[in-house]
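Pasted below: input-v6.pdb, PDB, C-alpha atoms, pLDDT in the B column.
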```
ATOM      1  CA  MET A 872     -11.740 -10.770  -8.894  1.00 85.00           C
ATOM      2  CA  ILE A 873      -8.371  -8.993  -9.056  1.00 94.00           C
ATOM      3  CA  ARG A 874      -7.856  -6.520 -11.861  1.00 95.00           C
ATOM      4  CA  ARG A 875      -6.171  -3.257 -12.720  1.00 96.00           C
ATOM      5  CA  ALA A 876      -8.132  -0.133 -11.901  1.00 96.00           C
ATOM      6  CA  GLY A 877      -8.927   2.413 -14.595  1.00 93.00           C
ATOM      7  CA  ALA A 878      -9.006   6.207 -14.551  1.00 93.00           C
ATOM      8  CA  ALA A 879     -12.821   6.199 -14.667  1.00 94.00           C
ATOM      9  CA  GLU A 880     -12.761   4.687 -11.159  1.00 95.00           C
ATOM     10  CA  ALA A 881     -10.725   7.520  -9.638  1.00 96.00           C
ATOM     11  CA  GLU A 882     -13.483   9.023  -7.521  1.00 96.00           C
ATOM     12  CA  ALA A 883     -14.711   5.720  -6.079  1.00 96.00           C
ATOM     13  CA  LEU A 884     -11.172   4.464  -5.458  1.00 97.00           C
ATOM     14  CA  ALA A 885     -10.173   7.751  -3.794  1.00 97.00           C
ATOM     15  CA  ARG A 886     -13.107   7.405  -1.369  1.00 97.00           C
ATOM     16  CA  PHE A 887     -12.233   3.761  -0.690  1.00 97.00           C
ATOM     17  CA  ALA A 888      -8.530   4.568  -0.227  1.00 97.00           C
ATOM     18  CA  GLU A 889      -9.252   7.335   2.260  1.00 97.00           C
ATOM     19  CA  ARG A 890     -11.742   5.208   4.196  1.00 97.00           C
ATOM     20  CA  THR A 891      -9.367   2.241   4.523  1.00 96.00           C
ATOM     21  CA  PHE A 892      -6.463   4.514   5.471  1.00 97.00           C
ATOM     22  CA  ARG A 893      -8.573   6.129   8.177  1.00 97.00           C
ATOM     23  CA  GLU A 894      -9.741   2.714   9.424  1.00 94.00           C
ATOM     24  CA  ALA A 895      -6.119   1.637   9.762  1.00 93.00           C
ATOM     25  CA  PHE A 896      -4.663   4.728  11.436  1.00 95.00           C
ATOM     26  CA  GLU A 897      -7.295   7.161  12.717  1.00 94.00           C
ATOM     27  CA  ALA A 898      -7.448   5.771  16.269  1.00 94.00           C
ATOM     28  CA  ASP A 899      -3.714   6.382  16.782  1.00 94.00           C
ATOM     29  CA  ASN A 900      -3.389   9.840  15.256  1.00 96.00           C
ATOM     30  CA  ARG A 901      -4.707  13.357  15.756  1.00 97.00           C
ATOM     31  CA  PRO A 902      -7.788  14.209  13.653  1.00 97.00           C
ATOM     32  CA  GLU A 903      -6.179  17.347  12.216  1.00 97.00           C
ATOM     33  CA  ASP A 904      -3.154  15.346  11.018  1.00 97.00           C
ATOM     34  CA  MET A 905      -5.392  12.700   9.435  1.00 97.00           C
ATOM     35  CA  ASP A 906      -7.494  15.366   7.723  1.00 97.00           C
ATOM     36  CA  ALA A 907      -4.444  17.198   6.370  1.00 96.00           C
ATOM     37  CA  TYR A 908      -2.840  14.043   5.018  1.00 96.00           C
ATOM     38  CA  CYS A 909      -6.032  12.664   3.491  1.00 96.00           C
ATOM     39  CA  ALA A 910      -6.801  15.960   1.746  1.00 94.00           C
ATOM     40  CA  THR A 911      -3.495  15.790  -0.108  1.00 91.00           C
ATOM     41  CA  ALA A 912      -3.219  12.022  -0.614  1.00 94.00           C
ATOM     42  CA  PHE A 913      -6.698  10.863  -1.568  1.00 95.00           C
ATOM     43  CA  ALA A 914      -8.353  13.615  -3.586  1.00 94.00           C
ATOM     44  CA  PRO A 915     -10.069  12.229  -6.708  1.00 95.00           C
ATOM     45  CA  GLU A 916      -7.842  14.265  -9.037  1.00 95.00           C
ATOM     46  CA  ILE A 917      -4.734  12.854  -7.366  1.00 94.00           C
ATOM     47  CA  MET A 918      -6.051   9.309  -7.704  1.00 95.00           C
ATOM     48  CA  ARG A 919      -6.976  10.004 -11.325  1.00 96.00           C
ATOM     49  CA  GLY A 920      -3.362  11.026 -11.927  1.00 95.00           C
ATOM     50  CA  TYR A 921      -2.105   7.750 -10.442  1.00 95.00           C
ATOM     51  CA  LEU A 922      -4.580   5.712 -12.471  1.00 96.00           C
ATOM     52  CA  SER A 923      -3.547   7.521 -15.658  1.00 95.00           C
ATOM     53  CA  ASP A 924       0.186   7.212 -14.994  1.00 95.00           C
ATOM     54  CA  PRO A 925       1.639   4.224 -16.887  1.00 95.00           C
ATOM     55  CA  SER A 926       4.436   3.889 -14.314  1.00 94.00           C
ATOM     56  CA  VAL A 927       1.907   3.196 -11.525  1.00 96.00           C
ATOM     57  CA  THR A 928       0.167  -0.178 -11.269  1.00 97.00           C
ATOM     58  CA  THR A 929      -3.064  -0.127  -9.285  1.00 97.00           C
ATOM     59  CA  LEU A 930      -4.651  -3.480  -8.532  1.00 98.00           C
ATOM     60  CA  VAL A 931      -8.094  -3.821  -6.998  1.00 98.00           C
ATOM     61  CA  ILE A 932     -10.185  -6.665  -5.671  1.00 97.00           C
ATOM     62  CA  VAL A 933     -13.866  -6.192  -6.300  1.00 94.00           C
ATOM     63  CA  ALA A 934     -16.368  -7.922  -4.016  1.00 92.00           C
ATOM     64  CA  GLU A 935     -19.448  -9.759  -5.259  1.00 88.00           C
ATOM     65  CA  ASP A 936     -21.551  -6.637  -4.698  1.00 89.00           C
ATOM     66  CA  GLY A 937     -19.285  -4.646  -7.035  1.00 89.00           C
ATOM     67  CA  ALA A 938     -17.649  -2.585  -4.268  1.00 92.00           C
ATOM     68  CA  PHE A 939     -13.916  -2.442  -3.752  1.00 96.00           C
ATOM     69  CA  ALA A 940     -12.650  -4.952  -1.174  1.00 96.00           C
ATOM     70  CA  ALA A 941      -8.920  -4.151  -1.403  1.00 97.00           C
ATOM     71  CA  TYR A 942      -6.327  -2.296  -3.452  1.00 98.00           C
ATOM     72  CA  ALA A 943      -2.581  -2.047  -3.925  1.00 98.00           C
ATOM     73  CA  GLN A 944      -0.389   0.436  -5.777  1.00 97.00           C
ATOM     74  CA  LEU A 945       3.187  -0.028  -6.890  1.00 96.00           C
ATOM     75  CA  ARG A 946       5.645   2.091  -8.819  1.00 95.00           C
ATOM     76  CA  PRO A 947       9.300   2.042  -9.837  1.00 89.00           C
ATOM     77  CA  GLU A 948      10.908   3.987  -7.024  1.00 84.00           C
ATOM     78  CA  ALA A 949      14.040   3.769  -4.886  1.00 78.00           C
ATOM     79  CA  PRO A 950      13.700   4.185  -1.129  1.00 80.00           C
ATOM     80  CA  GLY A 951      16.051   7.187  -1.100  1.00 71.00           C
ATOM     81  CA  GLN A 952      18.670   5.733   1.194  1.00 65.00           C
ATOM     82  CA  ASP A 953      21.757   3.570   0.843  1.00 62.00           C
ATOM     83  CA  ALA A 954      19.887   0.256   0.699  1.00 66.00           C
ATOM     84  CA  ASP A 955      21.220  -2.038  -2.025  1.00 74.00           C
ATOM     85  CA  LEU A 956      17.966  -2.783  -3.821  1.00 82.00           C
ATOM     86  CA  PRO A 957      18.306  -3.824  -7.465  1.00 80.00           C
ATOM     87  CA  GLN A 958      15.519  -2.612  -9.784  1.00 89.00           C
ATOM     88  CA  PRO A 959      13.438  -1.305  -6.855  1.00 88.00           C
ATOM     89  CA  PHE A 960       9.672  -1.030  -7.014  1.00 93.00           C
ATOM     90  CA  GLU A 961       7.752   0.475  -4.131  1.00 94.00           C
ATOM     91  CA  LEU A 962       4.553  -1.065  -2.843  1.00 97.00           C
ATOM     92  CA  TRP A 963       3.335   2.200  -1.411  1.00 92.00           C
ATOM     93  CA  ARG A 964      -0.308   1.368  -0.801  1.00 96.00           C
ATOM     94  CA  PHE A 965      -1.828  -1.938   0.287  1.00 97.00           C
ATOM     95  CA  TYR A 966      -5.207  -1.872   2.038  1.00 96.00           C
ATOM     96  CA  VAL A 967      -8.037  -4.328   2.612  1.00 96.00           C
ATOM     97  CA  ASP A 968     -11.500  -3.223   3.727  1.00 95.00           C
ATOM     98  CA  LYS A 969     -11.976  -4.205   7.367  1.00 92.00           C
ATOM     99  CA  VAL A 970     -15.101  -6.262   6.575  1.00 90.00           C
ATOM    100  CA  HIS A 971     -12.949  -8.516   4.374  1.00 91.00           C
ATOM    101  CA  HIS A 972     -10.161  -9.146   6.902  1.00 88.00           C
ATOM    102  CA  GLY A 973      -9.518 -12.825   7.555  1.00 87.00           C
ATOM    103  CA  ARG A 974     -10.891 -14.040   4.224  1.00 88.00           C
ATOM    104  CA  GLY A 975      -7.594 -14.545   2.382  1.00 91.00           C
ATOM    105  CA  ILE A 976      -8.042 -11.456   0.224  1.00 94.00           C
ATOM    106  CA  ALA A 977      -4.802  -9.873   1.404  1.00 95.00           C
ATOM    107  CA  HIS A 978      -2.854 -13.009   0.445  1.00 95.00           C
ATOM    108  CA  GLN A 979      -4.435 -13.049  -3.006  1.00 96.00           C
ATOM    109  CA  LEU A 980      -3.688  -9.365  -3.514  1.00 97.00           C
ATOM    110  CA  MET A 981      -0.079  -9.740  -2.365  1.00 97.00           C
ATOM    111  CA  ASP A 982       0.452 -12.670  -4.753  1.00 96.00           C
ATOM    112  CA  ALA A 983      -0.968 -10.559  -7.587  1.00 97.00           C
ATOM    113  CA  THR A 984       1.160  -7.566  -6.561  1.00 97.00           C
ATOM    114  CA  ILE A 985       4.347  -9.632  -6.542  1.00 96.00           C
ATOM    115  CA  ALA A 986       3.431 -11.039  -9.955  1.00 95.00           C
ATOM    116  CA  ALA A 987       2.780  -7.525 -11.293  1.00 96.00           C
ATOM    117  CA  ALA A 988       6.130  -6.303  -9.941  1.00 95.00           C
ATOM    118  CA  ARG A 989       7.875  -9.252 -11.592  1.00 94.00           C
ATOM    119  CA  GLU A 990       6.108  -8.519 -14.905  1.00 94.00           C
ATOM    120  CA  ARG A 991       7.288  -4.911 -14.672  1.00 93.00           C
ATOM    121  CA  GLY A 992      10.909  -6.039 -14.248  1.00 91.00           C
ATOM    122  CA  ALA A 993      11.326  -5.397 -10.543  1.00 92.00           C
ATOM    123  CA  GLY A 994      14.337  -6.926  -8.852  1.00 92.00           C
ATOM    124  CA  THR A 995      13.169  -5.830  -5.405  1.00 93.00           C
ATOM    125  CA  LEU A 996       9.814  -4.934  -3.951  1.00 95.00           C
ATOM    126  CA  TRP A 997       9.976  -2.623  -0.925  1.00 94.00           C
ATOM    127  CA  LEU A 998       7.552  -0.761   1.313  1.00 95.00           C
ATOM    128  CA  GLY A 999       7.363   1.417   4.386  1.00 94.00           C
ATOM    129  CA  VAL A1000       5.317   0.181   7.335  1.00 96.00           C
ATOM    130  CA  TRP A1001       4.612   2.313  10.399  1.00 94.00           C
ATOM    131  CA  GLU A1002       6.728   1.116  13.296  1.00 92.00           C
ATOM    132  CA  ARG A1003       3.573   0.792  15.411  1.00 92.00           C
ATOM    133  CA  ASN A1004       1.743  -1.354  12.845  1.00 92.00           C
ATOM    134  CA  THR A1005       2.933  -4.759  14.036  1.00 91.00           C
ATOM    135  CA  ARG A1006       0.052  -6.610  12.371  1.00 91.00           C
ATOM    136  CA  ALA A1007       1.028  -5.329   8.929  1.00 94.00           C
ATOM    137  CA  GLU A1008       4.706  -6.005   9.558  1.00 95.00           C
ATOM    138  CA  ALA A1009       3.917  -9.620  10.492  1.00 95.00           C
ATOM    139  CA  PHE A1010       1.846  -9.986   7.317  1.00 95.00           C
ATOM    140  CA  TYR A1011       4.679  -8.697   5.121  1.00 96.00           C
ATOM    141  CA  ARG A1012       7.160 -11.034   6.796  1.00 96.00           C
ATOM    142  CA  LYS A1013       5.001 -13.982   5.679  1.00 96.00           C
ATOM    143  CA  PHE A1014       5.765 -12.933   2.121  1.00 96.00           C
ATOM    144  CA  GLY A1015       9.522 -12.742   2.611  1.00 95.00           C
ATOM    145  CA  PHE A1016       9.872  -9.047   3.404  1.00 96.00           C
ATOM    146  CA  VAL A1017      12.645  -8.171   5.871  1.00 95.00           C
ATOM    147  CA  VAL A1018      13.490  -4.874   7.564  1.00 94.00           C
ATOM    148  CA  VAL A1019      16.305  -3.102   5.690  1.00 92.00           C
ATOM    149  CA  GLY A1020      16.170   0.341   7.301  1.00 90.00           C
ATOM    150  CA  SER A1021      13.780   3.116   8.214  1.00 90.00           C
ATOM    151  CA  HIS A1022      12.562   6.472   6.963  1.00 89.00           C
ATOM    152  CA  THR A1023      10.265   9.253   8.061  1.00 91.00           C
ATOM    153  CA  PHE A1024       6.629   9.553   7.094  1.00 93.00           C
ATOM    154  CA  VAL A1025       4.843  12.840   7.677  1.00 95.00           C
ATOM    155  CA  LEU A1026       1.175  12.616   8.589  1.00 94.00           C
ATOM    156  CA  GLY A1027      -0.054  16.206   8.650  1.00 94.00           C
ATOM    157  CA  THR A1028       2.423  17.754  11.080  1.00 94.00           C
ATOM    158  CA  ASP A1029       3.352  14.501  12.845  1.00 95.00           C
ATOM    159  CA  VAL A1030       6.744  13.094  11.827  1.00 96.00           C
ATOM    160  CA  GLN A1031       6.582   9.308  12.199  1.00 95.00           C
ATOM    161  CA  THR A1032       9.008   6.454  11.580  1.00 93.00           C
ATOM    162  CA  ASP A1033       8.337   3.754   9.008  1.00 93.00           C
ATOM    163  CA  ARG A1034      10.333   0.555   8.827  1.00 95.00           C
ATOM    164  CA  LEU A1035      11.590  -0.099   5.321  1.00 94.00           C
ATOM    165  CA  MET A1036      10.934  -3.701   4.361  1.00 95.00           C
ATOM    166  CA  ALA A1037      12.095  -5.348   1.154  1.00 94.00           C
ATOM    167  CA  ARG A1038      12.128  -8.677  -0.633  1.00 95.00           C
ATOM    168  CA  ARG A1039      13.826  -9.848  -3.779  1.00 93.00           C
ATOM    169  CA  ILE A1040      11.593 -10.719  -6.710  1.00 90.00           C
ATOM    170  CA  GLY A1041      12.268 -14.019  -8.444  1.00 67.00           C
ATOM    171  CA  GLY A1042      12.787 -17.594  -7.444  1.00 46.00           C
ATOM    172  CA  ARG A1043      10.520 -18.896  -4.708  1.00 43.00           C
ATOM    173  CA  ASP A1044       7.927 -16.331  -3.577  1.00 43.00           C
ATOM    174  CA  ARG A1045       7.158 -17.688  -0.107  1.00 42.00           C
TER
END
```
Please lay out the structure from this file as C-alpha coordinates.
Amino acid sequence: MIRRAGAAEAEALARFAERTFREAFEADNRPEDMDAYCATAFAPEIMRGYLSDPSVTTLVIVAEDGAFAAYAQLRPEAPGQDADLPQPFELWRFYVDKVHHGRGIAHQLMDATIAAARERGAGTLWLGVWERNTRAEAFYRKFGFVVVGSHTFVLGTDVQTDRLMARRIGGRDR
(Lines of atoms letter the chains of each structure in order from A and count residues from 1; the text may use other names and numbers.)
(Lines give C-alpha, C1' and ligand atoms only; values in the text may rest on other atoms or scores of the structure.)
Protein backbone atom coordinates (compact mmCIF):
# COMPACT_ATOMS: atom_id res chain seq x y z
CA MET A 1 0.00 0.00 0.00
CA ILE A 2 1.35 3.43 -0.96
CA ARG A 3 0.21 6.38 1.10
CA ARG A 4 1.34 9.71 2.47
CA ALA A 5 3.15 9.58 5.79
CA GLY A 6 1.88 11.58 8.76
CA ALA A 7 3.70 13.51 11.47
CA ALA A 8 2.86 10.82 14.05
CA GLU A 9 5.17 8.47 12.11
CA ALA A 10 8.21 10.74 12.38
CA GLU A 11 10.21 8.60 14.78
CA ALA A 12 9.65 5.32 12.93
CA LEU A 13 10.27 6.91 9.53
CA ALA A 14 13.45 8.62 10.78
CA ARG A 15 14.81 5.23 11.93
CA PHE A 16 13.83 3.62 8.61
CA ALA A 17 15.33 6.50 6.59
CA GLU A 18 18.64 6.32 8.44
CA ARG A 19 18.81 2.53 8.14
CA THR A 20 18.15 2.52 4.39
CA PHE A 21 20.60 5.38 3.82
CA ARG A 22 23.28 3.49 5.73
CA GLU A 23 22.51 0.28 3.81
CA ALA A 24 22.99 2.16 0.54
CA PHE A 25 26.17 4.08 1.35
CA GLU A 26 27.92 2.90 4.52
CA ALA A 27 30.28 0.45 2.80
CA ASP A 28 31.73 3.22 0.61
CA ASN A 29 32.12 5.97 3.19
CA ARG A 30 33.96 6.66 6.43
CA PRO A 31 31.96 5.85 9.59
CA GLU A 32 32.53 9.32 11.07
CA ASP A 33 31.13 10.97 7.92
CA MET A 34 28.09 8.68 7.93
CA ASP A 35 27.47 9.36 11.62
CA ALA A 36 27.76 13.13 11.19
CA TYR A 37 25.42 13.22 8.21
CA CYS A 38 22.84 10.89 9.74
CA ALA A 39 22.75 12.88 12.99
CA THR A 40 21.71 16.00 11.10
CA ALA A 41 19.55 14.43 8.38
CA PHE A 42 17.51 11.75 10.12
CA ALA A 43 16.76 12.93 13.65
CA PRO A 44 13.09 12.38 14.56
CA GLU A 45 12.48 16.11 15.06
CA ILE A 46 13.85 16.84 11.59
CA MET A 47 11.62 14.17 10.05
CA ARG A 48 8.66 15.51 12.02
CA GLY A 49 9.33 18.92 10.47
CA TYR A 50 9.29 17.42 6.96
CA LEU A 51 6.11 15.48 7.67
CA SER A 52 4.42 18.62 9.01
CA ASP A 53 5.57 20.84 6.13
CA PRO A 54 2.81 21.15 3.51
CA SER A 55 5.40 21.82 0.79
CA VAL A 56 6.98 18.38 1.33
CA THR A 57 5.27 15.23 0.06
CA THR A 58 6.37 12.04 1.78
CA LEU A 59 5.13 8.78 0.31
CA VAL A 60 5.62 5.44 2.00
CA ILE A 61 5.01 1.83 1.08
CA VAL A 62 3.99 -0.28 4.03
CA ALA A 63 4.65 -4.02 3.94
CA GLU A 64 2.12 -6.64 5.00
CA ASP A 65 3.67 -6.75 8.48
CA GLY A 66 3.04 -3.02 8.92
CA ALA A 67 6.71 -2.00 8.62
CA PHE A 68 7.94 0.52 6.10
CA ALA A 69 9.21 -1.07 2.87
CA ALA A 70 10.12 2.14 0.99
CA TYR A 71 9.73 5.91 1.05
CA ALA A 72 10.17 8.94 -1.16
CA GLN A 73 10.17 12.67 -0.44
CA LEU A 74 9.69 15.49 -2.90
CA ARG A 75 9.50 19.25 -2.59
CA PRO A 76 9.31 22.31 -4.83
CA GLU A 77 12.96 23.22 -5.20
CA ALA A 78 15.30 24.38 -7.96
CA PRO A 79 18.66 22.66 -8.33
CA GLY A 80 20.56 25.92 -7.80
CA GLN A 81 22.35 26.00 -11.12
CA ASP A 82 21.62 27.23 -14.62
CA ALA A 83 19.57 24.19 -15.67
CA ASP A 84 16.40 25.17 -17.53
CA LEU A 85 13.87 23.25 -15.45
CA PRO A 86 10.31 24.60 -15.55
CA GLN A 87 8.36 24.29 -12.28
CA PRO A 88 11.09 22.16 -10.66
CA PHE A 89 10.36 19.67 -7.91
CA GLU A 90 13.18 17.79 -6.25
CA LEU A 91 12.94 14.09 -5.50
CA TRP A 92 15.48 14.30 -2.73
CA ARG A 93 14.91 10.97 -1.02
CA PHE A 94 13.98 7.63 -2.59
CA TYR A 95 14.87 4.45 -0.70
CA VAL A 96 13.65 0.86 -0.67
CA ASP A 97 14.47 -1.54 2.16
CA LYS A 98 17.04 -4.05 0.92
CA VAL A 99 14.78 -7.03 1.75
CA HIS A 100 12.24 -5.68 -0.76
CA HIS A 101 14.65 -5.15 -3.67
CA GLY A 102 13.59 -6.94 -6.84
CA ARG A 103 9.89 -7.06 -5.99
CA GLY A 104 8.70 -4.12 -8.11
CA ILE A 105 8.23 -1.83 -5.12
CA ALA A 106 10.61 0.79 -6.46
CA HIS A 107 8.68 0.97 -9.74
CA GLN A 108 5.39 1.37 -7.89
CA LEU A 109 6.84 4.09 -5.68
CA MET A 110 8.35 5.96 -8.63
CA ASP A 111 5.01 5.87 -10.48
CA ALA A 112 3.30 7.25 -7.37
CA THR A 113 6.01 9.90 -6.93
CA ILE A 114 5.66 11.08 -10.52
CA ALA A 115 1.89 11.23 -10.09
CA ALA A 116 2.27 13.23 -6.86
CA ALA A 117 4.66 15.66 -8.56
CA ARG A 118 2.18 16.10 -11.41
CA GLU A 119 -0.66 16.72 -8.93
CA ARG A 120 1.48 19.37 -7.23
CA GLY A 121 2.01 21.18 -10.55
CA ALA A 122 5.58 20.15 -11.26
CA GLY A 123 6.89 20.73 -14.75
CA THR A 124 10.14 18.91 -14.01
CA LEU A 125 11.17 16.32 -11.48
CA TRP A 126 14.89 16.29 -10.68
CA LEU A 127 17.23 14.53 -8.28
CA GLY A 128 20.87 14.15 -7.35
CA VAL A 129 22.42 10.69 -7.55
CA TRP A 130 25.93 9.93 -6.31
CA GLU A 131 28.26 9.50 -9.26
CA ARG A 132 29.32 6.11 -7.88
CA ASN A 133 25.74 4.82 -7.55
CA THR A 134 25.38 3.34 -11.03
CA ARG A 135 22.52 1.04 -10.01
CA ALA A 136 20.36 3.98 -8.95
CA GLU A 137 21.29 5.98 -12.03
CA ALA A 138 20.23 3.07 -14.27
CA PHE A 139 16.93 2.83 -12.39
CA TYR A 140 16.19 6.54 -12.85
CA ARG A 141 17.01 6.33 -16.56
CA LYS A 142 14.24 3.72 -16.92
CA PHE A 143 11.82 6.44 -15.85
CA GLY A 144 13.06 9.01 -18.35
CA PHE A 145 15.56 10.86 -16.17
CA VAL A 146 18.63 12.20 -17.99
CA VAL A 147 21.80 13.78 -16.64
CA VAL A 148 21.57 17.59 -16.83
CA GLY A 149 24.56 18.58 -14.70
CA SER A 150 26.20 17.92 -11.36
CA HIS A 151 26.48 19.39 -7.88
CA THR A 152 28.29 18.72 -4.65
CA PHE A 153 26.90 16.70 -1.78
CA VAL A 154 28.62 16.90 1.60
CA LEU A 155 28.59 13.73 3.67
CA GLY A 156 30.10 14.72 7.01
CA THR A 157 33.40 16.22 5.87
CA ASP A 158 33.56 14.37 2.53
CA VAL A 159 32.67 16.52 -0.48
CA GLN A 160 31.17 14.23 -3.13
CA THR A 161 29.75 14.74 -6.62
CA ASP A 162 26.13 14.00 -7.46
CA ARG A 163 24.85 13.82 -11.00
CA LEU A 164 21.77 15.96 -11.47
CA MET A 165 19.11 14.02 -13.34
CA ALA A 166 15.80 15.43 -14.52
CA ARG A 167 12.70 14.50 -16.46
CA ARG A 168 9.77 16.52 -17.67
CA ILE A 169 6.40 15.79 -16.09
CA GLY A 170 3.48 15.31 -18.46
CA GLY A 171 2.75 13.34 -21.56
CA ARG A 172 4.05 9.78 -21.61
CA ASP A 173 5.73 8.77 -18.34
CA ARG A 174 7.92 5.93 -19.60
**Request:** Return the single residue from A:Ile976, A:Thr928, A:Thr1028, A:Arg1038 that is closest to Pro959 in chain A, with distances computed using all atoms listed in the file.
**Result:** A:Arg1038
**Asked** Could you pull the residues within 8 Å of Ile932 in chain A, counting all atoms listed in the file, minus those fewer than 3 positions along the same chain, as a ChimeraX atom specification?
**Response** /A:872-874,939-942,976,980
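For the pair CA of Glu935 in chain A and CA of Arg1012 in chain A, the interatomic distance is 29.2 Å.
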**Request:** Find the distance between CA of Ala883 in chain A and CA of Phe1024 in chain A and write it in Å to one decimal.
**Result:**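 According to the coordinates, CA of Ala883 in chain A and CA of Phe1024 in chain A are separated by 25.4 Å.
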**Message:** Restricting the calculation to only C-alpha atoms: of A:Thr929, A:Thr1023, A:Thr891, A:Thr995, which residue gets closest to Asp968 in chain A?
**Reply:**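 Ranked by minimum distance to Asp968 in chain A, first place goes to A:Thr891.
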**Request:** Could you expand the PyMOL selection byres ((chain A and resi 963-967) around 10) into the explicit residues it covers here, written as an NGL selection string?
**Result:** :A and (887-888 or 890-892 or 894-895 or 929-932 or 939-946 or 948 or 960-962 or 968-973 or 976-977 or 980-981 or 984 or 996-1000 or 1007)
**Request:** Write out as a ChimeraX atom specification the residues lying within 12 Å of Glu916 in chain A, counting all atoms listed in the file and excluding same-chain residues fewer than 2 positions away.
**Result:** /A:878-886,910-914,918-923
**Prompt:** When distances are computed from all atoms listed in the file, which of A:Ala988, A:Ala993, A:Ala1037, A:Ala983 shows the smallest separation from Glu1008 in chain A?
**Reply:**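 The answer is A:Ala1037, which sits nearest to Glu1008 in chain A.
The smallest atom-to-atom distance between Asn900 in chain A and any of A:Val1030, A:Gly937, A:Pro950, A:Met1036, using only C-alpha atoms, is found for A:Val1030.
If you measure from each of A:Asp955, A:Ala1009, A:Phe1014, A:Arg875 to His978 in chain A using all atoms listed in the file, the closest one turns out to be A:Phe1014.
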N, CA, C and O atoms for range 990-1003 of chain A, written as a CSV table (one decimal), in the frame of the given file, could you do that?
```csv
chain,number,residue,atom,x,y,z
A,990,GLU,N,6.4,-8.8,-13.5
A,990,GLU,CA,6.1,-8.5,-14.9
A,990,GLU,C,6.7,-7.2,-15.3
A,990,GLU,O,7.1,-7.0,-16.5
A,991,ARG,N,6.8,-6.2,-14.4
A,991,ARG,CA,7.3,-4.9,-14.7
A,991,ARG,C,8.8,-4.9,-14.6
A,991,ARG,O,9.4,-3.8,-14.8
A,992,GLY,N,9.4,-6.0,-14.3
A,992,GLY,CA,10.9,-6.0,-14.2
A,992,GLY,C,11.5,-5.7,-12.9
A,992,GLY,O,12.8,-5.4,-12.9
A,993,ALA,N,10.8,-5.7,-11.9
A,993,ALA,CA,11.3,-5.4,-10.5
A,993,ALA,C,12.3,-6.5,-10.1
A,993,ALA,O,12.1,-7.6,-10.3
A,994,GLY,N,13.4,-6.0,-9.5
A,994,GLY,CA,14.3,-6.9,-8.9
A,994,GLY,C,14.1,-7.0,-7.4
A,994,GLY,O,14.4,-8.0,-6.7
A,995,THR,N,13.5,-5.9,-6.8
A,995,THR,CA,13.2,-5.8,-5.4
A,995,THR,C,11.8,-5.1,-5.2
A,995,THR,O,11.6,-4.1,-5.9
A,996,LEU,N,11.0,-5.6,-4.3
A,996,LEU,CA,9.8,-4.9,-4.0
A,996,LEU,C,10.0,-4.5,-2.5
A,996,LEU,O,10.5,-5.2,-1.7
A,997,TRP,N,9.8,-3.2,-2.3
A,997,TRP,CA,10.0,-2.6,-0.9
A,997,TRP,C,8.8,-1.8,-0.5
A,997,TRP,O,7.9,-1.4,-1.3
A,998,LEU,N,8.7,-1.5,0.8
A,998,LEU,CA,7.6,-0.8,1.3
A,998,LEU,C,8.0,-0.1,2.6
A,998,LEU,O,9.0,-0.5,3.2
A,999,GLY,N,7.2,0.8,3.1
A,999,GLY,CA,7.4,1.4,4.4
A,999,GLY,C,6.2,1.0,5.2
A,999,GLY,O,5.0,1.1,4.8
A,1000,VAL,N,6.4,0.6,6.4
A,1000,VAL,CA,5.3,0.2,7.3
A,1000,VAL,C,5.5,0.9,8.7
A,1000,VAL,O,6.7,0.9,9.2
A,1001,TRP,N,4.5,1.5,9.2
A,1001,TRP,CA,4.6,2.3,10.4
A,1001,TRP,C,5.1,1.4,11.5
A,1001,TRP,O,4.7,0.3,11.7
A,1002,GLU,N,6.1,1.9,12.2
A,1002,GLU,CA,6.7,1.1,13.3
A,1002,GLU,C,5.7,0.6,14.3
A,1002,GLU,O,6.0,-0.4,15.0
A,1003,ARG,N,4.6,1.2,14.4
A,1003,ARG,CA,3.6,0.8,15.4
A,1003,ARG,C,2.6,-0.2,14.8
A,1003,ARG,O,1.7,-0.6,15.5
```
